[in-house]
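Novice: Sharing a structure, written as structure tokens. Questions coming.
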Amino acid sequence: MSLLTIKNLNAFYGKSHVLHGVDMQVNAGEIVSLLGRNGVGRSTTVKATMGQVDATGSILFKGEEIIGLKAFQIAHKGLGYVPENRDIFPTLTVEQNLMLGEKSGRAKDSKPRWSMEDMYQMFPRLRERKNTQAGVMSGGEQQMLTLCRTLMGDPDLIMIDEPTEGLAPKIVELVAEYLKELKNRGISVLLVEQKLAIALEISQRVYVMGHGSIVFEGTPADLRANENIRKEWLEV
């Protein structure tokens, strides 16, 4: 079952036409990676989906059209977004940042999938630093915090933009395990990622983007077998 269906998505920054008829979908309980070189429109795709960029076309989330809605309205429908710039509140503690992620207005009988304790079990480092101001933590710790804060909103699908950018190899492995855990808990993931090895390891399907359009769609095995696509659109 398709959770997110994007059809003929065009996006613009002022007069600059960035996305050209993008079609893609993410099914329930699936990790899908959006690959491509920097500047081809991957981040714009997730920003447009989140209502942060002017766009035309169709974006259906759980069968409902969300183009034209504001970002907070889209988030409230169960779509989570972790931006590339690790948008934490630097003067607040780790625990305060996590509390801010909790979705308000929840029905009393609906139990969230994630608790503060879940976050601390997944990333013990956050428990150690729970009373620390987020702004003094390392880049890897801030990335963990951003991921966890988004999860506290209990999304059905989470879009994550370059989560391993600038992180040490050991932390990159942690993030990969975290993404697998999301899938195990029934949460779909749309991952924008530069590191091909991680994307191919954890994804069920991959899309490759070039010049604002989708140039390849298939399984990780399909992409491994397609040397031409890798050479033309992915390898530096």
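As shown in the structure tokens, the chain order sets the letters A, B, ...; within each chain, residues go from 1, and ligands are also counted from 1 in the order they appear.
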Fewer than 4 positions away in the same chain doesn't count, so skip those; otherwise give me all residues within 12 Å of A:Met1, counting only C-alpha atoms, as a ChimeraX atom specification.

Specialist: /A:5,25-30,61-63,188

Novice: Would you export the selected residues with N, CA, C and O atoms as a PDB file, in the first residue's frame, please?

Specialist:
ATOM      1  N   THR A   5       2.597   9.199  -2.343  1.00  0.00           N
ATOM      2  CA  THR A   5       2.649   9.111  -3.806  1.00  0.00           C
ATOM      3  C   THR A   5       2.849  10.512  -4.379  1.00  0.00           C
ATOM      4  O   THR A   5       2.010  11.395  -4.177  1.00  0.00           O
ATOM      5  N   GLN A  25       7.145   6.989  -5.139  1.00  0.00           N
ATOM      6  CA  GLN A  25       6.248   6.625  -4.051  1.00  0.00           C
ATOM      7  C   GLN A  25       7.002   5.849  -2.970  1.00  0.00           C
ATOM      8  O   GLN A  25       8.051   5.263  -3.216  1.00  0.00           O
ATOM      9  N   VAL A  26       6.441   5.920  -1.758  1.00  0.00           N
ATOM     10  CA  VAL A  26       6.963   5.167  -0.623  1.00  0.00           C
ATOM     11  C   VAL A  26       5.803   4.348  -0.067  1.00  0.00           C
ATOM     12  O   VAL A  26       4.738   4.900   0.241  1.00  0.00           O
ATOM     13  N   ASN A  27       5.994   3.044   0.033  1.00  0.00           N
ATOM     14  CA  ASN A  27       4.947   2.161   0.545  1.00  0.00           C
ATOM     15  C   ASN A  27       5.047   2.009   2.055  1.00  0.00           C
ATOM     16  O   ASN A  27       6.080   2.313   2.657  1.00  0.00           O
ATOM     17  N   ALA A  28       3.990   1.530   2.656  1.00  0.00           N
ATOM     18  CA  ALA A  28       3.965   1.324   4.107  1.00  0.00           C
ATOM     19  C   ALA A  28       5.060   0.343   4.517  1.00  0.00           C
ATOM     20  O   ALA A  28       5.265  -0.682   3.862  1.00  0.00           O
ATOM     21  N   GLY A  29       5.786   0.684   5.581  1.00  0.00           N
ATOM     22  CA  GLY A  29       6.812  -0.192   6.135  1.00  0.00           C
ATOM     23  C   GLY A  29       8.032  -0.372   5.259  1.00  0.00           C
ATOM     24  O   GLY A  29       8.733  -1.380   5.330  1.00  0.00           O
ATOM     25  N   GLU A  30       8.341   0.627   4.438  1.00  0.00           N
ATOM     26  CA  GLU A  30       9.417   0.510   3.446  1.00  0.00           C
ATOM     27  C   GLU A  30      10.462   1.601   3.670  1.00  0.00           C
ATOM     28  O   GLU A  30      10.135   2.721   4.043  1.00  0.00           O
ATOM     29  N   PHE A  61      -0.610  11.854   0.620  1.00  0.00           N
ATOM     30  CA  PHE A  61      -0.108  11.202   1.830  1.00  0.00           C
ATOM     31  C   PHE A  61      -1.281  10.497   2.501  1.00  0.00           C
ATOM     32  O   PHE A  61      -2.268  11.143   2.853  1.00  0.00           O
ATOM     33  N   LYS A  62      -1.190   9.183   2.607  1.00  0.00           N
ATOM     34  CA  LYS A  62      -2.295   8.354   3.114  1.00  0.00           C
ATOM     35  C   LYS A  62      -3.582   8.637   2.321  1.00  0.00           C
ATOM     36  O   LYS A  62      -4.670   8.727   2.877  1.00  0.00           O
ATOM     37  N   GLY A  63      -3.412   8.857   1.017  1.00  0.00           N
ATOM     38  CA  GLY A  63      -4.550   9.057   0.130  1.00  0.00           C
ATOM     39  C   GLY A  63      -5.104  10.464   0.085  1.00  0.00           C
ATOM     40  O   GLY A  63      -6.047  10.741  -0.655  1.00  0.00           O
ATOM     41  N   SER A 188       7.663   4.021   7.790  1.00  0.00           N
ATOM     42  CA  SER A 188       8.279   4.148   6.468  1.00  0.00           C
ATOM     43  C   SER A 188       9.325   5.256   6.509  1.00  0.00           C
ATOM     44  O   SER A 188       9.193   6.220   7.264  1.00  0.00           O
TER      45      SER A 188
END

Novice: Could you pull out the strand (DSSP E) residues of stretch 132-180 of chain A from DSSP and send them as a ChimeraX atom specification?

Specialist: /A:157-161

Novice: Those same residues - all heavy atoms - I'd like them written as a short mmCIF file (atom, residue, chain, number, x, y, z; two decimals), in the first residue's frame.

Specialist:
data_model
loop_
_atom_site.label_atom_id
_atom_site.label_comp_id
_atom_site.auth_asym_id
_atom_site.auth_seq_id
_atom_site.Cartn_x
_atom_site.Cartn_y
_atom_site.Cartn_z
N LEU A 157 5.49 8.23 8.49
CA LEU A 157 6.58 8.24 7.51
C LEU A 157 7.54 9.35 7.91
O LEU A 157 7.10 10.44 8.29
CB LEU A 157 6.03 8.48 6.10
CG LEU A 157 7.01 8.36 4.93
CD1 LEU A 157 6.27 7.96 3.66
CD2 LEU A 157 7.79 9.65 4.66
N ILE A 158 8.82 9.06 7.83
CA ILE A 158 9.81 10.06 8.21
C ILE A 158 10.76 10.29 7.04
O ILE A 158 11.26 9.33 6.44
CB ILE A 158 10.55 9.64 9.50
CG1 ILE A 158 11.46 10.73 10.03
CG2 ILE A 158 11.31 8.36 9.35
CD1 ILE A 158 11.95 10.45 11.45
N MET A 159 10.93 11.54 6.64
CA MET A 159 11.86 11.91 5.56
C MET A 159 13.13 12.45 6.21
O MET A 159 13.06 13.38 7.02
CB MET A 159 11.23 12.97 4.65
CG MET A 159 9.91 12.53 4.04
SD MET A 159 9.27 13.72 2.82
CE MET A 159 8.97 15.16 3.86
N ILE A 160 14.26 11.87 5.85
CA ILE A 160 15.52 12.21 6.51
C ILE A 160 16.54 12.65 5.46
O ILE A 160 16.86 11.89 4.55
CB ILE A 160 16.07 11.01 7.32
CG1 ILE A 160 14.98 10.44 8.23
CG2 ILE A 160 17.27 11.43 8.14
CD1 ILE A 160 15.41 9.19 8.99
N ASP A 161 17.02 13.88 5.60
CA ASP A 161 17.91 14.47 4.60
C ASP A 161 19.36 14.37 5.07
O ASP A 161 19.76 15.03 6.04
CB ASP A 161 17.50 15.94 4.37
CG ASP A 161 18.14 16.52 3.11
OD1 ASP A 161 18.96 15.83 2.48
OD2 ASP A 161 17.81 17.67 2.77
#

Novice: Would you pick out the contacts of A:Ala197 at 12 Å or less, using only C-alpha atoms, so that residues sharing its chain but fewer than 3 positions from it are not included, and give the list as a compact mmCIF listing (two decimals) with N, CA and C atoms, in the first residue's frame?

Specialist:
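Wrote out.txt, looks like this:
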# COMPACT_ATOMS: atom_id res chain seq x y z
N SER A 33 15.37 5.04 -0.69
CA SER A 33 16.44 6.04 -0.74
C SER A 33 16.36 6.85 -2.02
N LEU A 35 18.75 9.02 -4.25
CA LEU A 35 20.18 9.20 -4.44
C LEU A 35 20.46 10.20 -5.55
N THR A 164 23.89 11.09 7.55
CA THR A 164 25.27 10.67 7.87
C THR A 164 26.31 11.70 7.47
N VAL A 172 27.95 6.63 11.85
CA VAL A 172 27.22 6.29 10.62
C VAL A 172 26.57 4.91 10.78
N GLU A 173 27.33 3.96 11.34
CA GLU A 173 26.79 2.61 11.58
C GLU A 173 25.59 2.66 12.53
N ALA A 176 22.55 3.84 10.68
CA ALA A 176 22.02 2.77 9.83
C ALA A 176 21.18 1.80 10.66
N GLU A 193 20.36 10.42 0.74
CA GLU A 193 21.66 9.98 1.23
C GLU A 193 22.72 10.05 0.14
N GLN A 194 23.90 10.47 0.54
CA GLN A 194 25.04 10.56 -0.37
C GLN A 194 25.83 9.25 -0.39
N LEU A 200 22.18 1.30 -0.15
CA LEU A 200 21.97 -0.01 -0.77
C LEU A 200 21.79 -1.10 0.28
N GLU A 201 22.39 -0.91 1.44
CA GLU A 201 22.30 -1.93 2.49
C GLU A 201 20.91 -1.95 3.14
N ILE A 202 20.32 -0.78 3.36
CA ILE A 202 19.10 -0.74 4.18
C ILE A 202 17.81 -0.52 3.39
N SER A 203 17.91 -0.16 2.11
CA SER A 203 16.70 0.20 1.36
C SER A 203 16.05 -1.01 0.68
N PRO A 220 17.98 -2.17 -4.78
CA PRO A 220 19.44 -2.03 -4.66
C PRO A 220 20.19 -2.98 -5.60
N ALA A 221 19.68 -4.20 -5.77
CA ALA A 221 20.34 -5.16 -6.68
C ALA A 221 20.31 -4.64 -8.12
N LEU A 223 20.33 -1.52 -9.06
CA LEU A 223 21.28 -0.42 -9.17
C LEU A 223 22.73 -0.95 -9.18
N ARG A 224 22.99 -1.95 -8.36
CA ARG A 224 24.33 -2.55 -8.37
C ARG A 224 24.67 -3.12 -9.75
N LEU A 234 25.94 9.00 -10.31
CA LEU A 234 26.29 8.88 -8.89
C LEU A 234 27.77 9.02 -8.60

Novice: Nearest to A:Gln142: which of A:Lys195, A:Lys77, A:Lys170, A:Lys130 is it, counting only C-alpha atoms?

Specialist: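 The shortest atom-to-atom distance to A:Gln142 comes from A:Lys130.
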
Novice: For A:Ser58, which residue out of A:Asn10, A:Ser16, A:Gln96, A:Ser213 is the nearest one, using only C-alpha atoms?

Specialist: A:Asn10

Novice: At a cut-off of 10 Å, using only C-alpha atoms, what residues contact A:Ile229? Leave out same-chain residues fewer than 6 positions from it and give the result as an MDAnalysis selection string.

Specialist: chainID A and resid 208 215:216 223 235

Novice: The selected residues should be written to file as a tab-separated table (two decimals), in the first residue's frame (atoms: N, CA and C atoms).

Specialist:
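Below is the file that was written, out15.tsv:
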chain	number	residue	atom	x	y	z
A	208	VAL	N	17.13	7.31	-8.31
A	208	VAL	CA	18.29	8.16	-8.60
A	208	VAL	C	17.78	9.40	-9.31
A	215	VAL	N	15.88	9.54	-12.80
A	215	VAL	CA	16.52	8.88	-13.96
A	215	VAL	C	16.61	7.37	-13.78
A	216	PHE	N	16.28	6.88	-12.56
A	216	PHE	CA	16.33	5.43	-12.31
A	216	PHE	C	15.45	5.11	-11.12
A	223	LEU	N	20.33	-1.52	-9.06
A	223	LEU	CA	21.28	-0.42	-9.17
A	223	LEU	C	22.73	-0.95	-9.18
A	235	GLU	N	28.60	8.40	-9.39
A	235	GLU	CA	30.03	8.38	-9.07
A	235	GLU	C	30.67	9.71	-9.43
